[in-house]
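A.B. asks: Got a structure for you, questions after.
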Amino acid sequence: MNYTSENLRTDLLVEQLKKDTTDGREKQALQALVTQMVKLFRDDPRPSYWEEASTICEVTSPEDYHALLLAFYQAISAAQSPPDLELLRCFAACLRQSKDAISGLGAPLNTLLGFLTHATSFNELETQYCLLHTIGTVLDAMVDIKVSGIDKQTVQTPIKNRLEALKGHHEPRTALAARYALQALDRIPDNDSPWQVFCQQGGTAISAAAKVSTAALNLDFETLLKAVPDLRELYAFFADVADKWTERWRESEGVKDFIALLRGVSERKGWYDALRISDAFVQSGALAALQAFVCPSKWQQDGLFWCGLYSQLERRWITSDSPARDQVQSFINWTLQQPFLQAMLVKSNALLPCWIHIVADTMKQPHWKKNLPTLKRKFPLCFLSDKKQYDFQMKALPHEYQKQTRLKDDCNLLQAAKLQCPDALLFFADIKLRQYYTRQSRLDIKRLSGATIPIDSCYINLSLVEKPMGKDQQDRQGALSLLQRMKQETPSADKKEVLLVDLFKPRKLPGGSYGRPNRILIRGRAGVGKTTLCKKITHDFYTNQLWASDYDRILWLPLRKLREEYSLDQFLKKEYFDGTPEADALCRELQDLNHTRTLFVLDGLDEIIHDQRPGGSVSEAFESLLNRSNVIITSRPYAVFPAGLEKYHLEIETIGFHDHQITSYVHNVVSNGTIRDQIKDFINRHWIIKSLVQIPIQLDAVCFTWGEGLEQSPEETESLTTMTALYQAIEIKLWNKDLLRLDTRVNETLLTEERARLFRSRQLIKAQAREDLEMVEFIAFFGMYHNITEFNVRTRHSIDNHFGKPSEDNLRKTSFLRSSDASEGHHNQDYYFLHLTFQEYFAAQYFVHRWIHGQDLETLDHRSGKLISIRPTDFLAREKYNGRFDIMWRFVTGILHSEDKDYLVSFLETINNEPRDLFGQVHSRLLMHCFSEILPVDDSPRLMHLSKILESELAQLLIVQSQYFIRNLLASEMEFPEHILSTLIQKGSTAQKKAALGAISNRSHISPGLFRCVRDIFNSSHLDDEEKLKGLAARVICQNPNLSQQSAIDCIRHSSRYVSYNALIKLRNQTSLPENILREVVSVFNGEHGDDASSVVASQANLPESIIDDLLSLLQDKNGKIRENAVHALKRQFLLSQTVFNHIVDLLDDQDEEIQGACLWVLQEHCNLPQDIIKKVASQFETSASDYIVYMAGSVLEHQNTLPESTLEQVWRVPGDSHDAWQKGFDILHKHGLVSPQECLARFKILKSPDRFAIAATYKLFQYELPPPEEIFRHCVSLIEPDAPQDLQRDACRALMQSKSLPVDVLRTLFGQFDQLSQNIKVNILGILQNQKALPHDIMTSLCSRIAGEGDQTLKSWIIPALHTHTELPENVLEALIVLVGDDSLWNGDPASDLLCQQTSLPSKILDSAVALLSSGKFKVNYNAARILMKHADLEKQVPRWNSHFWVGLFRAFFFQPLEGLLCSKDRDYIYITTTERSWKISIKEEEQRYKLKAALEAIQGDLDALLGDKWNELGFATLPRKSELHG
């Protein structure tokens, strides 16, 4: 496509519509534009529109054509003086485009006649001649298109009379024009034009002509038949004849036949028909061919023909340039030399000599008149070239045959129509968008090296996992390990991977409805590749047709660009349509909410959430954009979104690269094979490196840095096994590059690339670029201090003032920071670090420098820019337990270890000082993370001592956490020392072995040494609780089958079903198992865990051909269970192999119901099954007696993209009484838009047994957020009554649970019969009440009385959640609830404490009861009591007054079952208790409080000692001080 909205002209528009190659969407948009042009011309046929209106006639619909023609009629009829010749020419051109017979042309002809009569009366010769010429042209067109309906009396006769009167006019031009028009008039309405006769008779001639060497001529004779009556196309054909004419061609038989046919057609009626054909030759310049046409012919003796021909030649001469004029003059010379013409001049009347005189005078060829008689008079009409006005008049004479080449540049009609045509505007906007995104390398990726590479050559699909809604806060609180922090855990069971191409595929949406997710949130940490993903989406859409069936356009908007804009309209015009005349209209259409095929990709919502401007925030200003119905929004995790945002249909998390994607990326960006292998080996040998490089920017850093600094032997790279060492190496390499960009000079000499490589230490680099390095460190610490990652103009201004120099130039020249948008001016850009870890690294460098030199940390107030100073020890004390600084403290440790171990010890000892975590979990995790950056630690006695103490604390915490099932087990983190685990496995008690094995099974990596310890357990024959231990060992072994394939096989073969089960469970997570393990898995298909074994095989990305063959053979096994598992195992191969597909389909007819079900389960993977398969599945859905088969068949149909109408009608006839099958049927129908309240009611009324239908319809309509018809709804409610079948009551209750706002009368009806219902239905009724947004007062009162009274204690646990909307319960109910909290069963204690925590406040009496529960001695009761007190009590005032046994209960709860986000620390005379919601400062200044604290800690120590057992000290861990001594 070589045009845009700016350069599109009307003739190009017509040309595009006529092309067969124009695609459907372009043709639709251009056709809509033509229709809009017609509407505008119909309403306002102004002169500037005439030419364009006539041009578009050939591509209009019949309706639009008639509208155009009528508009021309009206314009001609409305003229107060002779119409403009341009109008008449355009009218004639328009008229000719009709392919159907038309009527109603009498009015314009009468108008022309009136003007002709007037001109004749007043002897206006020029006007008279022009009108006659025009009438002749219009009549020509009427002849060609078979006009009918011209009344003889009122139109034809008056015109004929006028023409008869003028045919003898003394002016030759006038006379000839009148005679010509009379000839045309005589052929209306029923005569065929000469061109139509030619088309009817021309088949033979055209076939003959086609035999001529068409390869040489390149002429398409068939065009003649196709073009008529579009004579403009016909004349273009004759122009081609003129270009190709040769003597050889002229003498060919085919061409002779062709010319003879034309001559024969013209001879039927004489000179008029001859002139119609000759005009085609003349106007197209085919004068050589015209000679063959003229001689010989019957009419060559007709003087009127020659007069008309000379008139045509004169017009051709006047309207042409020099070469064509010479050609005309040569032709006339030829005619004058012909004997027959000389003879005619002797015999002829005066008209023919007059015409020779006329052309001689016009063309200034007096010698042509030499032998002619002298004329007795001069002619008033003379078109000499020196009389410019006549020259122009001749050029303006209507001649609609010529293809217009002088359309006005402004194309007024086209431009006006574009502004009012939505389809065209969107189409032109799409052209602009495509050009914008595919030019200037906008979508290329910029590497750390500074090079840019196309995204399609380096992009490896990021892993996208679907994330359950509402999980953010939970994940945020748990993000404590490095792997969690980097978001590199293997996706858990509730997070399934999503392919980019499948993002908009229909699925279950929040609320349970089925449909396409249109609002999608993609979260991801800094540097994980969110912007790269946006580029990939945009690139693939505009180049690879990604989501082309869903959207016509994508707009990728980095939201940070909107900060300086006050409207989206303003931004779009500046960004995409700058300089485009119709920019306003294009922006209007793009923003129209009715256009559902526009997808906005809004990148970086977190970057504008907190930005303020006069009148509100940036996000509020663009709320309508953020709330569009078709949008992808990206954001960093945990961003708190504005309250006004609409809900998302799907939440996705991008988690970086998987292992195979890392390999692909390295292959794409590293060309040297040896270096590629070195990098991959280095990554695979170190878990921390492997974790880091799953972030794309960090993988790029490793690849770029490898050339120098990382390119070492395996022995040397052992020093790079910590995150700090890796970042130090990367930093050096990047500074080597940046020194050149910073124009660094050494001894006044500009640094060269070769010399820059010699700066291999940070000290050398700092000596050359001290100010730049210190500025980067200062900015990093400033950001960490204020919790900001984007450094805007205001922030940089404060930093510039602090350093006394501008920062922009240097910031953009350093590799460690990037600008928000390189296309903006430097002064408008925000800067951010490549990845948050780089910011943390440089902040750590700043801290280390100040720590070593004993200097205060300095930063700036974020608002005022004033200097802030703080001692490093004070800052460490304040922030050491702040999870936001965890990575920074790691880096501080690693940097200090590489620079000065004494300062490192001082740093770690300061961490051990107060404030100190009372219970050790938070403190030990911090130190564990810090020590992970120290390898080895045996080179310093002081470090060794600290390490031993830490290891003992970690070992004890492992036992505590495993005993009490605490989340976020420390031992599951990769930083947890492996030798603690190996010690416990080798020397610990059975419980300790179990704890260690359980922790190892949750680790993402394991060393060969630790693996051997686990394998020893598996192979041991003398163990207590042997089966349990070996089962745990099997989980570890099969999670790491690459370390020993034989061990994994031994686990599968183990005689214990428990052990083999655990092995298979872990193997399911492996997607590329070797063939020998897979073969062993297949061998247990007939065992008790055959289902799990088939799941292992089914999870493989690819299966060896031999395994596939084995599975196919098992499909024929006599054992049904084996056949079923073989089917399941082939799930993935089903889509890859036609052979497998055919085998699975054949088994649909198996007699075994389980086999049928398995096949249907596999068929769900195919969303476009062949019609015959769909028909078979639909038959099973409709006719099977098995509810299981009906449901599975329904699942297959549900996953199909399209279904025949007959199949959808079958779905309405769901068989049997299966509630699940009915629901599945509704989901299928809803997916295809067939479920509506009206349709459901119509179906309901014709059913004989409507119970199941009513339940399913109510359930699903509520779920789809559609109101069920009252009749269906009430029928569903009526099924909940004591005498109804239990299953109907249960399912009806479940249907009503889908609504949160049931009518009050229904709630009262249901609850009114509560006591008459069975226990199971009572629970379901309570489930209905629990789901309501609000309950009537009488029901609420009754529920409260049931809580407070005597009754079924189990039922109370269901009543309690039903009260969740009541935040001010009566005191007697509160008293009953606090009693239930004392029940240490999960049935009542947890729901009761939840409800008490939801209350606005609690009376002191209830709080006292909660305090009393702290002394229960039951950990679960203690935990719930602590939750209630931390929610409602003023701990600062109350805790100091409590008895010591209450202190013991509270602190036991904190230690053994800590709340999420809890930190309890001691700092001199105070205890600080902090949660994610509140904090308390409890004084222990008094001796009494210190005693209570000591008692609590001693109690905890006693519990811990009992838990560890008598032989703990024999394990070799360091002896720790008692907790009461540590915090004394």
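To be explicit about the labels: the chains of the structure tokens are called A, B, and onward in the order shown, and within each one the residues are counted from 1, while ligands get numbers from 1 in the order they are shown.
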DSSP on the backbone, then: every residue of region 155-194 of chain A marked helix (DSSP H, G or I), written as a VMD selection string.

C.D. replies: chain A and resid 155 to 166 172 to 186 194

A.B. asks: Might you pull out every residue within 8 Å of Pro558 (chain A), with only C-alpha atoms counted and same-chain residues fewer than 2 positions away left off, and present them as a PyMOL selection string?

C.D. replies: chain A and resi 556+560-562+602-604

A.B. asks: Those residues you just picked out, can you put them in a file as a PDB file, in the first residue's frame with C-alpha atoms?

C.D. replies:
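File part32.pdb, as written:
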ATOM      1  CA  TRP A 556       1.097   0.777  22.462  1.00  0.00           C
ATOM      2  CA  ARG A 560       4.876   7.789  31.315  1.00  0.00           C
ATOM      3  CA  LYS A 561       4.509   9.844  28.123  1.00  0.00           C
ATOM      4  CA  LEU A 562       1.108  11.044  29.316  1.00  0.00           C
ATOM      5  CA  LEU A 602      -0.894   0.686  28.224  1.00  0.00           C
ATOM      6  CA  ASP A 603       2.622   0.159  29.489  1.00  0.00           C
ATOM      7  CA  GLY A 604       3.665   1.072  33.032  1.00  0.00           C
TER       8      GLY A 604
END

A.B. asks: Tell me, as a VMD selection string, which residues lie within 9 Å of Ile1049 (chain A), counting only C-alpha atoms; anything in the same chain fewer than 2 positions away does not count.

C.D. replies: chain A and resid 1038 1041 1044 to 1047 1051 to 1054 1076 to 1077 1080 to 1081

A.B. asks: Hey, what's within 9 Å of region 1454-1456 of chain A if we count only C-alpha atoms and toss same-chain stuff fewer than 6 positions away? As number ranges by chain, please?

C.D. replies: A: 918-921, 960-961, 963-964, 966, 1419, 1423, 1426, 1462-1464, 1500

A.B. asks: Set the distance at 10 Å and use only C-alpha atoms: which residues neighbour Ala1158 (chain A) once local chain neighbours fewer than 3 positions away are removed? I'd like the list as a list of chain:residue names.

C.D. replies: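 These residues fall inside the cut-off: A:Arg1123, A:Glu1124, A:Asn1125, A:Ala1126, A:Val1127, A:His1128, A:Ala1129, A:Lys1131, A:Ile1144, A:Leu1147, A:Leu1148, A:Glu1153, A:Glu1154, A:Ile1155, A:Trp1161, A:Val1162, A:Leu1163, A:Ile1189, A:Met1192.
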
A.B. asks: Do you know which residues are at most 8 Å from region 367-374 of chain A counting only C-alpha atoms, after dropping those on the same chain fewer than 3 positions away, and could you put them as a compact mmCIF listing (two decimals) with N, CA and C atoms, in the first residue's frame?

C.D. replies:
# COMPACT_ATOMS: atom_id res chain seq x y z
N ASN A 333 -2.13 15.79 -43.55
CA ASN A 333 -1.38 15.81 -44.81
C ASN A 333 -1.68 14.55 -45.63
N LEU A 336 -5.18 14.69 -47.21
CA LEU A 336 -5.29 15.63 -48.33
C LEU A 336 -4.63 15.09 -49.61
N LEU A 345 -13.66 16.98 -52.91
CA LEU A 345 -13.58 18.43 -52.78
C LEU A 345 -14.12 19.13 -54.04
N PRO A 353 -14.82 21.87 -47.69
CA PRO A 353 -13.74 22.85 -47.86
C PRO A 353 -13.65 23.81 -46.67
N ILE A 356 -11.60 22.24 -44.02
CA ILE A 356 -10.17 22.22 -44.30
C ILE A 356 -9.59 23.60 -44.05
N HIS A 357 -10.32 24.64 -44.43
CA HIS A 357 -9.89 25.99 -44.12
C HIS A 357 -9.77 26.19 -42.61
N ALA A 360 -6.71 24.39 -41.24
CA ALA A 360 -5.50 25.04 -41.75
C ALA A 360 -5.22 26.32 -40.97

A.B. asks: For CA of Phe1085 (chain A) and CA of Cys1159 (chain A), determine how far apart the two atoms are, in Å to one decimal place.

C.D. replies: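 We find that CA of Phe1085 (chain A) and CA of Cys1159 (chain A) lie 16.3 Å from each other.
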
A.B. asks: Report, in Å to a single decimal, how far apart CA of Ser629 (chain A) and CA of Leu503 (chain A) are.

C.D. replies: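 Interatomic distance here is 15.2 Å.
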
A.B. asks: When you count only C-alpha atoms, which of these residues is closest to His66 (chain A): A:Tyr1491, A:Trp355, A:Tyr272, A:Phe41?

C.D. replies: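 Among the listed residues, A:Phe41 lies closest to His66 (chain A).
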
A.B. asks: Have a look at A:Gln1353, A:Ser807, A:Thr990, A:Thr893 and name the one nearest to Thr795 (chain A); count only C-alpha atoms.

C.D. replies: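 Looking at the shortest contact to Thr795 (chain A), the residue is A:Ser807.
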
A.B. asks: Could you check how far CA of Glu777 (chain A) sits from CA of Phe842 (chain A), in Å to one decimal?

C.D. replies: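 Going from CA of Glu777 (chain A) over to CA of Phe842 (chain A) covers 4.8 Å.
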
A.B. asks: What residues in region 577-678 of chain A get the DSSP label strand (DSSP E or B)? Please answer as a ChimeraX atom specification.

C.D. replies: /A:598-603,612-613,616-617,631-635,650-654

A.B. asks: Write the selection just made, keeping C-alpha atoms, as a tab-separated table (two decimals), in the first residue's frame?

C.D. replies:
chain	number	residue	atom	x	y	z
A	598	THR	CA	-9.08	-1.27	18.89
A	599	LEU	CA	-6.68	-2.62	21.50
A	600	PHE	CA	-4.77	-0.23	23.73
A	601	VAL	CA	-1.57	-1.61	25.27
A	602	LEU	CA	-0.89	0.69	28.22
A	603	ASP	CA	2.62	0.16	29.49
A	612	GLN	CA	0.02	14.63	40.60
A	613	ARG	CA	-0.97	17.66	38.57
A	616	GLY	CA	-5.81	15.65	40.48
A	617	SER	CA	-3.57	12.77	39.57
A	631	VAL	CA	-6.98	-3.03	26.97
A	632	ILE	CA	-3.76	-4.63	28.15
A	633	ILE	CA	-2.18	-2.85	31.10
A	634	THR	CA	1.29	-3.59	32.42
A	635	SER	CA	2.51	-2.75	35.88
A	650	LEU	CA	-7.48	-11.84	33.36
A	651	GLU	CA	-4.35	-11.21	35.38
A	652	ILE	CA	-1.05	-12.39	33.95
A	653	GLU	CA	2.40	-12.37	35.46
A	654	THR	CA	5.53	-12.32	33.33
